[in-house]
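These notes concern the structure reproduced below.
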Amino acid sequence: MDLNTTATQIRKSIVEMIYHSKSGHPGGSLSAVDILNYLYYNEMNVDSSNPKDPNRDRFVLSKGHAAPVLYATLAERGFFDKALLPTLRKLDSPLQGHPDSKKVPGVDISTGSLGQGVSNAVGLALGAKIDGSPARIYTILGDGELQEGLVWEAAMAAAHYKLDNLVVIVDNNGLQIDGKNEDVINLGSVADKFRAFDFNVIEIDGHDYEQIAKAFDNARATKDVPTAIIAKTVKGRGVSFMEDQAGWHGIAPNADELAIALKELSEVAK
């Protein structure tokens, strides 16, 4: 499977489903595409025909408002019919504004309240250790989410219990709903913060598949400490007028904007 091809299709699905719903979060969904694309096609032990396999790896979308990237990736990977995607946020649709593990195959944890997803991931990793399970646990956080104190309580527990089966990925696009992170609450060095919590820290370009692959290989080889991958990304990646624009955190494109976005993405795919 060509990762660039699947990434383009996932990005198209994101902008299309948010257009149909007239609501959603395109910016942070598009920035996380390449990480999820690699996870579901190359890294994680998951099977769309057996989504409840007890030995499967788990993924937790801690930044639950970026549900479109998870739904688009799961649909592309065959967990459910792509025809469901345009029902995002519609009444009676399983594809709610935030992921619901009781309604969507492949969603391991319901998320939405920032900071709680990574806490759930720590619990899953600890449970796998206790059970002697081979499962690895992956979670992706927004960088603005790091302003939640709960994140650092979870990080402290992850290090204490030596959860080397846990990989925390930070979608480090530098923006949140109110603007630049540094203007809202300055995060300083995200890498240094995780190092201070005794994580194995890897800094990468979150859109470079070679760097992504090496980071996950490094995480697998690391023992006795959890890993944090700080992935530098571009909010709205792939759609020129959305890129690096905080205003596209949580609004839907109109028909003209959708047409431009799909045209740009189709040209990239050629």
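Identifiers in the structure tokens: chain A, B, ... in order shown; residue index from 1 per chain; ligand index from 1 in order shown.
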
Inset, instruction - Would you kindly return, as a VMD selection string, each protein, DNA or RNA residue with an atom no farther than 10 Å from any atom of stretch 64-68 of chain A, considering only C-alpha atoms and excluding same-chain residues fewer than 6 positions away? - result: chain A and resid 10 to 11 13 to 18 24 to 33 74 85 88 95 to 100 109 to 117 140 to 142 249 to 250

Please save C-alpha atoms of the selected residues as a compact mmCIF listing (two decimals), in the first residue's frame.
```txt
# COMPACT_ATOMS: atom_id res chain seq x y z
CA ILE A 10 -7.85 10.30 4.00
CA ARG A 11 -7.41 14.06 3.59
CA SER A 13 -12.47 12.24 3.18
CA ILE A 14 -11.80 14.65 6.06
CA VAL A 15 -12.71 17.81 4.13
CA GLU A 16 -15.69 16.12 2.47
CA MET A 17 -17.22 14.80 5.68
CA ILE A 18 -16.77 18.10 7.50
CA GLY A 24 -16.07 19.82 12.67
CA HIS A 25 -12.34 20.30 13.09
CA PRO A 26 -10.37 20.21 9.84
CA GLY A 27 -7.08 21.84 10.91
CA GLY A 28 -5.96 19.38 13.56
CA SER A 29 -7.41 16.43 11.67
CA LEU A 30 -5.34 17.20 8.57
CA SER A 31 -2.15 17.73 10.58
CA ALA A 32 -2.41 14.23 12.11
CA VAL A 33 -3.10 12.30 8.89
CA LEU A 74 -10.57 3.52 9.96
CA LEU A 85 -18.42 9.18 6.39
CA LEU A 88 -20.51 12.79 10.47
CA LEU A 95 -19.87 9.03 13.75
CA GLN A 96 -20.34 11.56 16.51
CA GLY A 97 -18.33 14.74 16.92
CA HIS A 98 -16.05 12.83 19.28
CA PRO A 99 -15.23 9.11 18.97
CA ASP A 100 -17.55 6.62 20.71
CA ILE A 109 -11.59 4.50 23.84
CA SER A 110 -14.26 7.22 23.77
CA THR A 111 -12.51 10.60 23.96
CA GLY A 112 -13.24 14.30 23.94
CA SER A 113 -12.28 15.86 27.26
CA LEU A 114 -8.68 16.89 26.72
CA GLY A 115 -6.09 15.11 28.84
CA GLN A 116 -8.28 12.11 29.55
CA GLY A 117 -7.31 10.16 26.44
CA ILE A 140 -1.89 11.18 19.95
CA LEU A 141 -2.31 14.50 21.75
CA GLY A 142 -2.66 18.03 20.48
CA HIS A 249 -9.34 24.81 13.93
CA GLY A 250 -13.09 24.24 14.10
```

Legend entry - Expected answer as a ChimeraX atom specification: strand (DSSP E) residues in stretch 14-154 of chain A: /A:58-61,137-142

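Each of A:Gln176, A:Lys193, A:Glu243, A:Val170 was compared to A:Ile229 using only C-alpha atoms, and A:Val170 turns out to be the nearest.
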
Can you check which residues of stretch 87-224 of chain A DSSP gives as alpha helix (DSSP H) on the backbone and send them as a CSV table (one decimal) with C-alpha atoms, in the first residue's frame?
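Everything below was put into selection-v6.csv:
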```
chain,number,residue,atom,x,y,z
A,116,GLN,CA,-8.3,12.1,29.6
A,117,GLY,CA,-7.3,10.2,26.4
A,118,VAL,CA,-3.6,9.9,27.4
A,119,SER,CA,-4.7,9.0,30.9
A,120,ASN,CA,-6.8,6.1,29.4
A,121,ALA,CA,-3.8,5.1,27.3
A,122,VAL,CA,-1.6,4.8,30.4
A,123,GLY,CA,-4.3,2.6,32.0
A,124,LEU,CA,-4.4,0.4,28.9
A,125,ALA,CA,-0.6,0.1,28.8
A,126,LEU,CA,-0.5,-0.8,32.5
A,127,GLY,CA,-3.2,-3.3,32.1
A,128,ALA,CA,-1.4,-5.0,29.1
A,129,LYS,CA,1.7,-5.2,31.3
A,130,ILE,CA,-0.1,-6.8,34.2
A,131,ASP,CA,-1.8,-9.3,31.8
A,149,GLY,CA,-2.5,19.2,34.1
A,150,LEU,CA,-3.9,15.7,33.7
A,151,VAL,CA,-1.5,15.0,30.9
A,152,TRP,CA,1.5,15.4,33.3
A,153,GLU,CA,-0.1,13.2,36.0
A,154,ALA,CA,-0.4,10.5,33.3
A,155,ALA,CA,3.2,11.0,32.2
A,156,MET,CA,4.4,10.7,35.8
A,157,ALA,CA,2.5,7.4,36.2
A,158,ALA,CA,3.7,6.1,32.8
A,159,ALA,CA,7.3,6.6,33.8
A,160,HIS,CA,6.8,5.2,37.3
A,181,ASN,CA,0.2,28.2,21.7
A,182,GLU,CA,2.9,30.6,22.8
A,183,ASP,CA,0.3,33.4,23.0
A,184,VAL,CA,-2.3,31.3,24.9
A,190,VAL,CA,7.8,20.2,24.8
A,191,ALA,CA,10.7,17.7,24.3
A,192,ASP,CA,12.4,18.9,27.5
A,193,LYS,CA,9.2,18.5,29.5
A,194,PHE,CA,8.8,14.9,28.5
A,195,ARG,CA,12.5,14.3,29.2
A,196,ALA,CA,12.0,15.7,32.7
A,209,TYR,CA,7.4,8.9,6.6
A,210,GLU,CA,11.1,7.9,6.8
A,211,GLN,CA,11.4,9.9,10.1
A,212,ILE,CA,8.0,8.5,11.3
A,213,ALA,CA,9.2,4.9,10.6
A,214,LYS,CA,12.5,5.4,12.4
A,215,ALA,CA,10.7,6.9,15.4
A,216,PHE,CA,8.4,3.9,15.9
A,217,ASP,CA,11.4,1.5,15.4
A,218,ASN,CA,13.2,3.4,18.1
A,219,ALA,CA,10.2,3.2,20.4
A,220,ARG,CA,9.9,-0.6,19.9
A,221,ALA,CA,13.6,-1.0,20.8
```
